[in-house]
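Read through the structure below, which is laid out as structure tokens, and then see the notes.
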Number of protein chains: 2
Amino acid sequence: MTAAPSEPPPSARTRRARGAAGARRPVYDASSLLAVAVQEFNTRGYDATSMEDLSRAAGITKSSFYHHVSGKEDLLRAALSRALDGLFGILEEPAAQEGSALDRLRHIIFRQVEVLTSELPYVTLLLRVRGNTETERWALARRRAFDASIASLVAEAVADGEVRAGVEPSLAARLLSGTVNSIIEWYRPGRPGSESLPAEVVRIVSEGIIPPA
Amino acid sequence: MTAAPSEPPPSARTRRARGAAGARRPVYDASSLLAVAVQEFNTRGYDATSMEDLSRAAGITKSSFYHHVSGKEDLLRAALSRALDGLFGILEEPAAQEGSALDRLRHIIFRQVEVLTSELPYVTLLLRVRGNTETERWALARRRAFDASIASLVAEAVADGEVRAGVEPSLAARLLSGTVNSIIEWYRPGRPGSESLPAEVVRIVSEGIIPPA
DNA sequence: TCGCGGCGAACGATCGTTCGGTTGCTCGGA
DNA sequence: TCCGAGCAACCGAACGATCGTTCGCCGCGA
């Protein structure tokens, strides 16, 4: 353990039971280091976060950190993959493929809020990607594909006469995605009333945010 | 002019007429360089943008760039100031201080969309600040103060019975700000229909984004 | 002649990454 | 039961690259 002279506590350490079946002695595993890294990325921003920052947050030195991860951009890719898998998984659910366009849309919105909150750090990182590297551009393209499938669903619902076509369907789709995604700016897990958030969001995008009395 | 050997065109150059009344020969002025810098900041992200990137976008060398600006963070501060001045200016307008809470709220939303679109690069930068430096924390605090005044206005409108209190006023206020701010993610100036956007946003937050038929 | 706008070169700092070496636990064989 | 080999975890030091910033100098127009 080599008692460190300064402050860092063994924060996200996931010590496996001594002598457990399997490999030798993994003090850190890949997913817990990823969680630490994503948290730092979201606090400081990806570019402003150094590998020194990440390793310090994990409680080890920079060179030790490299024994567990292959590099900074691979951490980013793993995190973005997790977020994208969560979102695209929604589209493959039965309720997202059966029923009227409006019903499918409502289900997707509901589930999108659930995924946003359950995978908050990863989705937050995804929604802040700018496209500087090939990894970021890949994530941006996948994200645009997700938004596009929602936009086409909105258009279908309007064409079927299931929603009032007060505005352009494309504008409605953009504001819809923007409203749902903005949740990452303020949502923090563990606060009371979180479990009702998906239903409240679905209602609010149907009835309006500030509907006159 | 000293014809550069490579590609960069004299992009945002604001050449003053030869021999015009006044000072010597300001080829670049502070505001045009700020515009160039903010555009680069928004494309790559503030931290990922180097002074080399900025000067290249301006068509001069890095050392020449420093003859006109005092540093990277001062550029950021100037840009964030411009965005914040635009937003807080809304709150001082007569229509934001007189009338019912709902009318004031509608006016602020309308004007906020106008400012978002007219000052798009500066507000975009503001909405992406993370809080790494003292400048960024100052901007974050001011931005939170703006959001708080909107939240209290929503609460007032609910208390006065002017809007249907379907959900928590604080949730409505957060989704309201998120919806309006998300416009920066897709709005680009000069496209047809832009002039009607503020009114459409006001209507959509009142009637819902996807109201059932 | 003056001085502003522009330039190349260089500063120290920090970046992501690599390398060689030390520690201490685990396990097979005596 | 003891021991030595092997290896995962960890570390300090350093790599070349790039960062924001500064400096001294030059050329041209007023």
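Just so we're on the same page: first chain in the structure tokens is A, next is B, and so on; residues restart at 1 for each chain, and ligands are numbered from 1 in the order they show up.
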
Using every C-alpha atom paired in order, could you least-squares fit chain B onto chain A and give me the moved chain as an mmCIF file with C-alpha atoms, in the first residue's frame?
```cif
data_model
loop_
_atom_site.group_PDB
_atom_site.id
_atom_site.type_symbol
_atom_site.label_atom_id
_atom_site.label_comp_id
_atom_site.auth_asym_id
_atom_site.auth_seq_id
_atom_site.Cartn_x
_atom_site.Cartn_y
_atom_site.Cartn_z
ATOM 1 C CA MET B 1 -0.763 -0.085 -0.322
ATOM 2 C CA THR B 2 2.432 2.006 0.126
ATOM 3 C CA ALA B 3 0.743 4.804 2.111
ATOM 4 C CA ALA B 4 0.743 7.893 -0.043
ATOM 5 C CA PRO B 5 2.279 10.893 1.691
ATOM 6 C CA SER B 6 -0.460 13.295 0.632
ATOM 7 C CA GLU B 7 -4.215 13.332 0.475
ATOM 8 C CA PRO B 8 -5.733 11.069 -2.236
ATOM 9 C CA PRO B 9 -8.063 8.476 -0.710
ATOM 10 C CA PRO B 10 -8.467 5.064 -2.389
ATOM 11 C CA SER B 11 -11.601 6.338 -4.043
ATOM 12 C CA ALA B 12 -13.090 4.108 -6.719
ATOM 13 C CA ARG B 13 -11.065 1.093 -5.795
ATOM 14 C CA THR B 14 -12.925 -2.135 -6.396
ATOM 15 C CA ARG B 15 -10.832 -4.586 -4.498
ATOM 16 C CA ARG B 16 -11.649 -8.172 -5.227
ATOM 17 C CA ALA B 17 -11.887 -10.484 -2.211
ATOM 18 C CA ARG B 18 -8.524 -11.938 -1.229
ATOM 19 C CA GLY B 19 -7.925 -15.335 -2.748
ATOM 20 C CA ALA B 20 -11.162 -15.341 -4.671
ATOM 21 C CA ALA B 21 -11.421 -17.825 -7.485
ATOM 22 C CA GLY B 22 -9.842 -16.533 -10.677
ATOM 23 C CA ALA B 23 -6.873 -14.329 -11.546
ATOM 24 C CA ARG B 24 -4.241 -12.866 -9.285
ATOM 25 C CA ARG B 25 -5.094 -9.565 -7.664
ATOM 26 C CA PRO B 26 -6.868 -7.017 -9.813
ATOM 27 C CA VAL B 27 -7.136 -3.999 -7.573
ATOM 28 C CA TYR B 28 -8.565 -1.868 -10.352
ATOM 29 C CA ASP B 29 -10.673 -3.104 -13.223
ATOM 30 C CA ALA B 30 -11.221 -1.402 -16.535
ATOM 31 C CA SER B 31 -14.782 -0.305 -15.893
ATOM 32 C CA SER B 32 -14.103 1.373 -12.566
ATOM 33 C CA LEU B 33 -11.205 3.325 -14.051
ATOM 34 C CA LEU B 34 -13.467 4.303 -16.927
ATOM 35 C CA ALA B 35 -16.031 5.589 -14.472
ATOM 36 C CA VAL B 36 -13.404 7.665 -12.728
ATOM 37 C CA ALA B 37 -12.126 9.049 -16.018
ATOM 38 C CA VAL B 38 -15.563 9.971 -17.339
ATOM 39 C CA GLN B 39 -16.356 11.789 -14.133
ATOM 40 C CA GLU B 40 -13.201 13.865 -14.532
ATOM 41 C CA PHE B 41 -13.906 14.467 -18.219
ATOM 42 C CA ASN B 42 -17.328 15.841 -17.343
ATOM 43 C CA THR B 43 -16.018 18.061 -14.585
ATOM 44 C CA ARG B 44 -13.185 19.707 -16.462
ATOM 45 C CA GLY B 45 -13.979 18.922 -20.066
ATOM 46 C CA TYR B 46 -12.177 16.242 -22.081
ATOM 47 C CA ASP B 47 -9.427 18.437 -23.508
ATOM 48 C CA ALA B 48 -8.759 20.218 -20.239
ATOM 49 C CA THR B 49 -8.378 16.927 -18.357
ATOM 50 C CA SER B 50 -4.834 15.564 -18.251
ATOM 51 C CA MET B 51 -3.787 11.971 -17.715
ATOM 52 C CA GLU B 52 -2.234 13.260 -14.529
ATOM 53 C CA ASP B 53 -5.688 14.378 -13.391
ATOM 54 C CA LEU B 54 -7.165 10.974 -14.199
ATOM 55 C CA SER B 55 -4.502 8.970 -12.410
ATOM 56 C CA ARG B 56 -4.659 11.223 -9.374
ATOM 57 C CA ALA B 57 -8.423 10.754 -9.212
ATOM 58 C CA ALA B 58 -7.858 7.005 -9.366
ATOM 59 C CA GLY B 59 -5.307 7.164 -6.581
ATOM 60 C CA ILE B 60 -2.292 5.938 -8.551
ATOM 61 C CA THR B 61 0.487 7.513 -10.569
ATOM 62 C CA LYS B 62 0.291 8.365 -14.226
ATOM 63 C CA SER B 63 2.535 5.500 -15.291
ATOM 64 C CA SER B 64 0.536 3.015 -13.234
ATOM 65 C CA PHE B 65 -2.627 4.280 -14.842
ATOM 66 C CA TYR B 66 -1.201 3.339 -18.219
ATOM 67 C CA HIS B 67 -0.903 -0.267 -17.078
ATOM 68 C CA HIS B 68 -4.711 -0.499 -17.156
ATOM 69 C CA VAL B 69 -5.764 1.719 -20.020
ATOM 70 C CA SER B 70 -4.373 2.056 -23.509
ATOM 71 C CA GLY B 71 -4.646 5.813 -23.798
ATOM 72 C CA LYS B 72 -6.778 8.893 -23.356
ATOM 73 C CA GLU B 73 -8.714 8.605 -26.570
ATOM 74 C CA ASP B 74 -9.542 4.954 -25.966
ATOM 75 C CA LEU B 75 -11.125 5.942 -22.681
ATOM 76 C CA LEU B 76 -13.224 8.454 -24.574
ATOM 77 C CA ARG B 77 -14.228 5.890 -27.161
ATOM 78 C CA ALA B 78 -15.272 3.366 -24.534
ATOM 79 C CA ALA B 79 -17.359 5.963 -22.739
ATOM 80 C CA LEU B 80 -19.042 7.201 -25.898
ATOM 81 C CA SER B 81 -19.742 3.627 -26.976
ATOM 82 C CA ARG B 82 -21.504 2.939 -23.731
ATOM 83 C CA ALA B 83 -23.694 6.011 -24.122
ATOM 84 C CA LEU B 84 -24.537 5.262 -27.741
ATOM 85 C CA ASP B 85 -25.299 1.605 -27.020
ATOM 86 C CA GLY B 86 -27.759 2.703 -24.359
ATOM 87 C CA LEU B 87 -29.529 5.105 -26.701
ATOM 88 C CA PHE B 88 -29.665 2.848 -29.749
ATOM 89 C CA GLY B 89 -30.823 -0.013 -27.548
ATOM 90 C CA ILE B 90 -34.053 1.940 -27.032
ATOM 91 C CA LEU B 91 -34.837 1.867 -30.730
ATOM 92 C CA GLU B 92 -34.680 -1.933 -30.756
ATOM 93 C CA GLU B 93 -37.213 -2.407 -28.005
ATOM 94 C CA PRO B 94 -40.576 -3.855 -29.112
ATOM 95 C CA ALA B 95 -42.494 -0.793 -27.908
ATOM 96 C CA ALA B 96 -40.302 1.382 -30.118
ATOM 97 C CA GLN B 97 -41.205 -0.637 -33.206
ATOM 98 C CA GLU B 98 -44.868 -1.520 -32.721
ATOM 99 C CA GLY B 99 -47.939 0.650 -32.443
ATOM 100 C CA SER B 100 -48.803 4.120 -33.654
ATOM 101 C CA ALA B 101 -46.094 6.667 -34.344
ATOM 102 C CA LEU B 102 -47.221 8.731 -31.367
ATOM 103 C CA ASP B 103 -47.107 5.757 -29.002
ATOM 104 C CA ARG B 104 -43.671 4.765 -30.236
ATOM 105 C CA LEU B 105 -42.479 8.351 -29.843
ATOM 106 C CA ARG B 106 -43.796 8.565 -26.306
ATOM 107 C CA HIS B 107 -42.087 5.335 -25.386
ATOM 108 C CA ILE B 108 -38.783 6.464 -26.827
ATOM 109 C CA ILE B 109 -38.926 9.773 -24.948
ATOM 110 C CA PHE B 110 -39.754 7.977 -21.730
ATOM 111 C CA ARG B 111 -36.920 5.524 -22.161
ATOM 112 C CA GLN B 112 -34.509 8.194 -23.344
ATOM 113 C CA VAL B 113 -34.978 10.037 -20.071
ATOM 114 C CA GLU B 114 -34.395 6.756 -18.232
ATOM 115 C CA VAL B 115 -31.166 6.082 -20.114
ATOM 116 C CA LEU B 116 -30.006 9.686 -19.706
ATOM 117 C CA THR B 117 -30.350 9.419 -15.961
ATOM 118 C CA SER B 118 -29.064 5.875 -15.508
ATOM 119 C CA GLU B 119 -26.057 6.418 -17.788
ATOM 120 C CA LEU B 120 -25.719 10.088 -16.893
ATOM 121 C CA PRO B 121 -21.903 10.509 -17.009
ATOM 122 C CA TYR B 122 -21.523 8.680 -20.294
ATOM 123 C CA VAL B 123 -24.379 10.454 -22.054
ATOM 124 C CA THR B 124 -23.182 13.779 -20.685
ATOM 125 C CA LEU B 125 -19.818 13.189 -22.269
ATOM 126 C CA LEU B 126 -21.476 12.198 -25.537
ATOM 127 C CA LEU B 127 -23.543 15.363 -25.685
ATOM 128 C CA ARG B 128 -20.460 17.542 -25.289
ATOM 129 C CA VAL B 129 -18.312 16.006 -28.002
ATOM 130 C CA ARG B 130 -17.114 18.583 -30.534
ATOM 131 C CA GLY B 131 -15.589 16.499 -33.343
ATOM 132 C CA ASN B 132 -11.868 17.153 -32.966
ATOM 133 C CA THR B 133 -10.688 13.583 -33.500
ATOM 134 C CA GLU B 134 -11.873 10.660 -35.581
ATOM 135 C CA THR B 135 -13.377 9.100 -32.471
ATOM 136 C CA GLU B 136 -15.395 12.215 -31.736
ATOM 137 C CA ARG B 137 -16.608 12.501 -35.303
ATOM 138 C CA TRP B 138 -17.740 8.892 -35.229
ATOM 139 C CA ALA B 139 -19.720 9.560 -32.049
ATOM 140 C CA LEU B 140 -21.222 12.717 -33.528
ATOM 141 C CA ALA B 141 -22.363 10.833 -36.624
ATOM 142 C CA ARG B 142 -23.986 8.090 -34.564
ATOM 143 C CA ARG B 143 -25.672 10.654 -32.381
ATOM 144 C CA ARG B 144 -27.034 12.468 -35.404
ATOM 145 C CA ALA B 145 -28.407 9.177 -36.688
ATOM 146 C CA PHE B 146 -30.265 8.700 -33.429
ATOM 147 C CA ASP B 147 -31.733 12.190 -33.582
ATOM 148 C CA ALA B 148 -32.699 11.644 -37.203
ATOM 149 C CA SER B 149 -34.716 8.546 -36.378
ATOM 150 C CA ILE B 150 -36.606 10.539 -33.777
ATOM 151 C CA ALA B 151 -37.185 13.360 -36.240
ATOM 152 C CA SER B 152 -38.636 10.975 -38.798
ATOM 153 C CA LEU B 153 -40.900 9.539 -36.132
ATOM 154 C CA VAL B 154 -42.183 13.013 -35.309
ATOM 155 C CA ALA B 155 -42.814 13.645 -38.996
ATOM 156 C CA GLU B 156 -44.671 10.354 -39.248
ATOM 157 C CA ALA B 157 -46.866 11.186 -36.276
ATOM 158 C CA VAL B 158 -47.717 14.552 -37.829
ATOM 159 C CA ALA B 159 -48.453 12.967 -41.189
ATOM 160 C CA ASP B 160 -50.754 10.446 -39.510
ATOM 161 C CA GLY B 161 -52.639 13.261 -37.837
ATOM 162 C CA GLU B 162 -51.759 11.980 -34.391
ATOM 163 C CA VAL B 163 -50.247 15.242 -33.208
ATOM 164 C CA ARG B 164 -51.300 18.802 -33.869
ATOM 165 C CA ALA B 165 -49.089 20.147 -36.600
ATOM 166 C CA GLY B 166 -48.717 23.584 -35.047
ATOM 167 C CA VAL B 167 -45.164 23.978 -36.212
ATOM 168 C CA GLU B 168 -42.725 22.432 -38.615
ATOM 169 C CA PRO B 169 -42.134 18.799 -37.625
ATOM 170 C CA SER B 170 -38.393 19.289 -37.949
ATOM 171 C CA LEU B 171 -38.475 22.227 -35.510
ATOM 172 C CA ALA B 172 -40.592 20.208 -33.095
ATOM 173 C CA ALA B 173 -38.138 17.320 -33.310
ATOM 174 C CA ARG B 174 -35.172 19.572 -32.626
ATOM 175 C CA LEU B 175 -36.773 21.229 -29.634
ATOM 176 C CA LEU B 176 -37.880 17.809 -28.412
ATOM 177 C CA SER B 177 -34.357 16.413 -28.481
ATOM 178 C CA GLY B 178 -33.009 19.607 -26.966
ATOM 179 C CA THR B 179 -35.491 19.514 -24.118
ATOM 180 C CA VAL B 180 -34.797 15.890 -23.264
ATOM 181 C CA ASN B 181 -31.027 16.228 -23.583
ATOM 182 C CA SER B 182 -30.950 19.349 -21.415
ATOM 183 C CA ILE B 183 -31.744 17.122 -18.455
ATOM 184 C CA ILE B 184 -28.066 16.264 -18.140
ATOM 185 C CA GLU B 185 -27.364 19.875 -17.195
ATOM 186 C CA TRP B 186 -29.087 19.636 -13.838
ATOM 187 C CA TYR B 187 -30.124 16.045 -13.081
ATOM 188 C CA ARG B 188 -28.160 14.406 -10.286
ATOM 189 C CA PRO B 189 -28.956 10.847 -9.127
ATOM 190 C CA GLY B 190 -30.360 10.030 -5.743
ATOM 191 C CA ARG B 191 -32.640 13.016 -5.345
ATOM 192 C CA PRO B 192 -36.283 12.365 -4.404
ATOM 193 C CA GLY B 193 -38.764 12.334 -7.254
ATOM 194 C CA SER B 194 -36.282 11.028 -9.760
ATOM 195 C CA GLU B 195 -38.297 7.934 -10.554
ATOM 196 C CA SER B 196 -41.205 9.977 -11.869
ATOM 197 C CA LEU B 197 -39.076 12.138 -14.147
ATOM 198 C CA PRO B 198 -39.562 10.149 -17.389
ATOM 199 C CA ALA B 199 -43.353 10.286 -17.111
ATOM 200 C CA GLU B 200 -43.280 13.972 -16.223
ATOM 201 C CA VAL B 201 -41.139 14.777 -19.227
ATOM 202 C CA VAL B 202 -43.456 12.872 -21.543
ATOM 203 C CA ARG B 203 -46.408 14.798 -20.178
ATOM 204 C CA ILE B 204 -44.672 18.158 -20.315
ATOM 205 C CA VAL B 205 -43.708 17.827 -23.970
ATOM 206 C CA SER B 206 -47.342 16.975 -24.729
ATOM 207 C CA GLU B 207 -49.062 19.623 -22.643
ATOM 208 C CA GLY B 208 -46.467 22.386 -22.760
ATOM 209 C CA ILE B 209 -43.968 23.618 -20.240
ATOM 210 C CA ILE B 210 -45.889 26.713 -19.206
ATOM 211 C CA PRO B 211 -49.439 26.103 -20.451
ATOM 212 C CA PRO B 212 -51.801 29.003 -19.672
ATOM 213 C CA ALA B 213 -54.370 28.159 -17.068
#
```

Sorted by chain and rising residue number, list the residues of chain D at most 12 Å from chain A (counting only C-alpha atoms (C1' of nucleotides)), each with its closest atom pair and distance in Å to one decimal, as JSON lines.
```
{"residue": "D:DG6", "atom": "C1'", "partner": "A:Arg24", "partner_atom": "CA", "distance": 11.6}
{"residue": "D:DC7", "atom": "C1'", "partner": "A:Arg24", "partner_atom": "CA", "distance": 8.7}
{"residue": "D:DA8", "atom": "C1'", "partner": "A:Arg24", "partner_atom": "CA", "distance": 7.0}
{"residue": "D:DA9", "atom": "C1'", "partner": "A:Ser64", "partner_atom": "CA", "distance": 7.5}
{"residue": "D:DC10", "atom": "C1'", "partner": "A:Ser64", "partner_atom": "CA", "distance": 5.5}
{"residue": "D:DC11", "atom": "C1'", "partner": "A:Ser64", "partner_atom": "CA", "distance": 7.1}
{"residue": "D:DG12", "atom": "C1'", "partner": "A:Ser63", "partner_atom": "CA", "distance": 9.0}
{"residue": "D:DA13", "atom": "C1'", "partner": "A:Ser63", "partner_atom": "CA", "distance": 10.5}
{"residue": "D:DA14", "atom": "C1'", "partner": "A:Ser63", "partner_atom": "CA", "distance": 11.8}
{"residue": "D:DC19", "atom": "C1'", "partner": "A:Ala48", "partner_atom": "CA", "distance": 11.9}
```

Mind writing the picked residues with N, CA and C atoms (P, O5', C5', C4', C3', O3' and C1' of nucleotides) as a PDB file, in the first residue's frame?
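And here's selection.pdb as it stands now:
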```
ATOM      1  P    DG D   6      10.956 -18.324 -14.069  1.00  0.00           P
ATOM      2  O5'  DG D   6       9.517 -17.631 -13.886  1.00  0.00           O
ATOM      3  C5'  DG D   6       8.390 -18.456 -13.623  1.00  0.00           C
ATOM      4  C4'  DG D   6       7.163 -17.577 -13.465  1.00  0.00           C
ATOM      5  C3'  DG D   6       7.121 -16.378 -14.420  1.00  0.00           C
ATOM      6  O3'  DG D   6       5.803 -16.235 -14.911  1.00  0.00           O
ATOM      7  C1'  DG D   6       6.943 -15.634 -12.193  1.00  0.00           C
ATOM      8  P    DC D   7       5.512 -15.411 -16.256  1.00  0.00           P
ATOM      9  O5'  DC D   7       4.276 -14.494 -15.842  1.00  0.00           O
ATOM     10  C5'  DC D   7       3.462 -14.861 -14.727  1.00  0.00           C
ATOM     11  C4'  DC D   7       3.011 -13.631 -13.961  1.00  0.00           C
ATOM     12  C3'  DC D   7       2.950 -12.337 -14.796  1.00  0.00           C
ATOM     13  O3'  DC D   7       1.726 -11.698 -14.522  1.00  0.00           O
ATOM     14  C1'  DC D   7       4.114 -11.954 -12.805  1.00  0.00           C
ATOM     15  P    DA D   8       0.931 -10.943 -15.717  1.00  0.00           P
ATOM     16  O5'  DA D   8      -0.135 -10.054 -14.926  1.00  0.00           O
ATOM     17  C5'  DA D   8      -0.879 -10.636 -13.869  1.00  0.00           C
ATOM     18  C4'  DA D   8      -0.989  -9.655 -12.714  1.00  0.00           C
ATOM     19  C3'  DA D   8      -1.405  -8.241 -13.117  1.00  0.00           C
ATOM     20  O3'  DA D   8      -2.343  -7.754 -12.175  1.00  0.00           O
ATOM     21  C1'  DA D   8       0.687  -8.158 -12.008  1.00  0.00           C
ATOM     22  P    DA D   9      -3.085  -6.375 -12.442  1.00  0.00           P
ATOM     23  O5'  DA D   9      -2.316  -5.360 -11.478  1.00  0.00           O
ATOM     24  C5'  DA D   9      -2.321  -5.606 -10.078  1.00  0.00           C
ATOM     25  C4'  DA D   9      -1.387  -4.617  -9.386  1.00  0.00           C
ATOM     26  C3'  DA D   9      -1.636  -3.142  -9.769  1.00  0.00           C
ATOM     27  O3'  DA D   9      -1.882  -2.408  -8.580  1.00  0.00           O
ATOM     28  C1'  DA D   9       0.668  -3.696  -9.917  1.00  0.00           C
ATOM     29  P    DC D  10      -2.276  -0.886  -8.705  1.00  0.00           P
ATOM     30  O5'  DC D  10      -0.886  -0.129  -8.580  1.00  0.00           O
ATOM     31  C5'  DC D  10      -0.031  -0.439  -7.496  1.00  0.00           C
ATOM     32  C4'  DC D  10       1.351   0.102  -7.756  1.00  0.00           C
ATOM     33  C3'  DC D  10       1.413   1.558  -8.211  1.00  0.00           C
ATOM     34  O3'  DC D  10       1.653   2.401  -7.093  1.00  0.00           O
ATOM     35  C1'  DC D  10       3.081   0.150  -9.226  1.00  0.00           C
ATOM     36  P    DC D  11       1.586   3.988  -7.263  1.00  0.00           P
ATOM     37  O5'  DC D  11       3.091   4.379  -7.624  1.00  0.00           O
ATOM     38  C5'  DC D  11       4.142   3.956  -6.767  1.00  0.00           C
ATOM     39  C4'  DC D  11       5.479   4.135  -7.451  1.00  0.00           C
ATOM     40  C3'  DC D  11       5.708   5.531  -8.024  1.00  0.00           C
ATOM     41  O3'  DC D  11       6.525   6.282  -7.149  1.00  0.00           O
ATOM     42  C1'  DC D  11       6.488   3.763  -9.487  1.00  0.00           C
ATOM     43  P    DG D  12       6.653   7.866  -7.365  1.00  0.00           P
ATOM     44  O5'  DG D  12       8.037   8.029  -8.152  1.00  0.00           O
ATOM     45  C5'  DG D  12       9.199   7.389  -7.642  1.00  0.00           C
ATOM     46  C4'  DG D  12      10.365   7.571  -8.592  1.00  0.00           C
ATOM     47  C3'  DG D  12      10.625   9.006  -9.040  1.00  0.00           C
ATOM     48  O3'  DG D  12      12.029   9.221  -9.099  1.00  0.00           O
ATOM     49  C1'  DG D  12      10.082   7.671 -10.933  1.00  0.00           C
ATOM     50  P    DA D  13      12.631  10.644  -9.547  1.00  0.00           P
ATOM     51  O5'  DA D  13      12.927  10.460 -11.113  1.00  0.00           O
ATOM     52  C5'  DA D  13      13.608   9.297 -11.544  1.00  0.00           C
ATOM     53  C4'  DA D  13      13.702   9.295 -13.058  1.00  0.00           C
ATOM     54  C3'  DA D  13      13.927  10.673 -13.690  1.00  0.00           C
ATOM     55  O3'  DA D  13      15.048  10.627 -14.557  1.00  0.00           O
ATOM     56  C1'  DA D  13      12.113   9.566 -14.748  1.00  0.00           C
ATOM     57  P    DA D  14      15.710  11.956 -15.176  1.00  0.00           P
ATOM     58  O5'  DA D  14      15.276  11.873 -16.706  1.00  0.00           O
ATOM     59  C5'  DA D  14      15.418  10.640 -17.378  1.00  0.00           C
ATOM     60  C4'  DA D  14      14.460  10.563 -18.543  1.00  0.00           C
ATOM     61  C3'  DA D  14      14.466  11.797 -19.457  1.00  0.00           C
ATOM     62  O3'  DA D  14      15.195  11.512 -20.633  1.00  0.00           O
ATOM     63  C1'  DA D  14      12.257  10.888 -19.096  1.00  0.00           C
ATOM     64  P    DC D  19      -0.717  23.093 -30.004  1.00  0.00           P
ATOM     65  O5'  DC D  19      -0.779  23.933 -28.645  1.00  0.00           O
ATOM     66  C5'  DC D  19      -1.395  23.338 -27.509  1.00  0.00           C
ATOM     67  C4'  DC D  19      -0.938  24.049 -26.241  1.00  0.00           C
ATOM     68  C3'  DC D  19      -0.942  25.567 -26.342  1.00  0.00           C
ATOM     69  O3'  DC D  19      -2.229  26.043 -26.005  1.00  0.00           O
ATOM     70  C1'  DC D  19       1.042  24.771 -25.247  1.00  0.00           C
TER      71       DC D  19
END
```

Could you give me, as a tab-separated table, a per-residue list for chain C showing, wherever an atom lies at most 8 Å from an atom of chain A, the closest pair of atoms and their distance in Å to one decimal, using only C-alpha atoms (C1' of nucleotides) and sorting by chain then residue number from low to high?
```
residue	atom	partner	partner_atom	distance
C:DC15	C1'	A:Ser50	CA	7.4
C:DG16	C1'	A:Met51	CA	7.2
C:DC25	C1'	A:Arg25	CA	7.9
C:DT26	C1'	A:Arg24	CA	7.0
```

Could you pull out all residues of region 129-190 of chain B with a DSSP call of helix (DSSP H, G or I) and give them as a PyMOL selection string? chain B and resi 134-159+169-185

Just C-alpha atoms for this one: save the residues we selected as a compact mmCIF listing (two decimals), in the first residue's frame.
```
# COMPACT_ATOMS: atom_id res chain seq x y z
CA GLU B 134 -11.82 32.17 -12.55
CA THR B 135 -13.19 33.75 -15.70
CA GLU B 136 -15.29 30.70 -16.47
CA ARG B 137 -16.60 30.47 -12.93
CA TRP B 138 -17.61 34.12 -13.06
CA ALA B 139 -19.54 33.49 -16.28
CA LEU B 140 -21.17 30.39 -14.82
CA ALA B 141 -22.33 32.33 -11.77
CA ARG B 142 -23.81 35.11 -13.88
CA ARG B 143 -25.53 32.59 -16.09
CA ARG B 144 -27.02 30.84 -13.09
CA ALA B 145 -28.32 34.18 -11.86
CA PHE B 146 -30.08 34.70 -15.17
CA ASP B 147 -31.66 31.26 -15.03
CA ALA B 148 -32.70 31.86 -11.44
CA SER B 149 -34.59 35.01 -12.33
CA ILE B 150 -36.48 33.06 -14.96
CA ALA B 151 -37.21 30.28 -12.50
CA SER B 152 -38.65 32.73 -9.99
CA LEU B 153 -40.80 34.22 -12.72
CA VAL B 154 -42.17 30.78 -13.56
CA ALA B 155 -42.91 30.19 -9.88
CA GLU B 156 -44.67 33.54 -9.70
CA ALA B 157 -46.82 32.76 -12.72
CA VAL B 158 -47.81 29.44 -11.16
CA ALA B 159 -48.58 31.07 -7.83
CA PRO B 169 -42.36 25.01 -11.20
CA SER B 170 -38.65 24.40 -10.79
CA LEU B 171 -38.77 21.45 -13.21
CA ALA B 172 -40.76 23.52 -15.69
CA ALA B 173 -38.22 26.33 -15.43
CA ARG B 174 -35.31 23.98 -16.02
CA LEU B 175 -36.89 22.36 -19.05
CA LEU B 176 -37.86 25.80 -20.32
CA SER B 177 -34.29 27.08 -20.17
CA GLY B 178 -33.01 23.84 -21.63
CA THR B 179 -35.42 23.99 -24.54
CA VAL B 180 -34.59 27.59 -25.40
CA ASN B 181 -30.84 27.13 -24.98
CA SER B 182 -30.81 23.99 -27.13
CA ILE B 183 -31.46 26.22 -30.12
CA ILE B 184 -27.75 26.96 -30.35
CA GLU B 185 -27.14 23.32 -31.26
```

Could you give me, as a compact mmCIF listing (two decimals) with N, CA and C atoms (P, O5', C5', C4', C3', O3' and C1' of nucleotides), in the first residue's frame, the residues within 12 Å of DA30 (chain C), counting only C-alpha atoms (C1' of nucleotides) and dropping anything in the same chain fewer than 3 positions from it?
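Writing the result to selection_7.txt gives the following:
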```txt
# COMPACT_ATOMS: atom_id res chain seq x y z
P DT D 1 1.92 -26.36 7.72
O5' DT D 1 3.41 -26.76 7.25
C5' DT D 1 4.35 -27.18 8.20
C4' DT D 1 5.72 -26.83 7.64
C3' DT D 1 5.93 -25.34 7.37
O3' DT D 1 7.28 -25.00 7.71
C1' DT D 1 6.14 -26.55 5.34
P DC D 2 7.64 -23.46 7.88
O5' DC D 2 8.62 -23.28 6.64
C5' DC D 2 9.74 -24.16 6.51
C4' DC D 2 10.23 -24.12 5.07
C3' DC D 2 10.58 -22.74 4.53
O3' DC D 2 11.95 -22.71 4.18
C1' DC D 2 9.28 -23.98 2.96
P DC D 3 12.62 -21.34 3.79
O5' DC D 3 12.70 -21.47 2.21
C5' DC D 3 13.14 -22.70 1.63
C4' DC D 3 13.08 -22.58 0.13
C3' DC D 3 13.42 -21.18 -0.40
O3' DC D 3 14.20 -21.30 -1.58
C1' DC D 3 11.27 -21.81 -1.15
P DG D 4 15.32 -20.19 -1.91
O5' DG D 4 15.22 -20.08 -3.49
C5' DG D 4 15.10 -21.25 -4.27
C4' DG D 4 14.16 -21.02 -5.45
C3' DG D 4 14.43 -19.72 -6.21
O3' DG D 4 14.33 -19.97 -7.60
C1' DG D 4 12.19 -19.78 -5.49
```

Give me the residues within 10 Å of DC15 (chain D) as a ChimeraX atom specification, counting only C-alpha atoms (C1' of nucleotides) and dropping any in the same chain fewer than 6 places off. /C:17-19
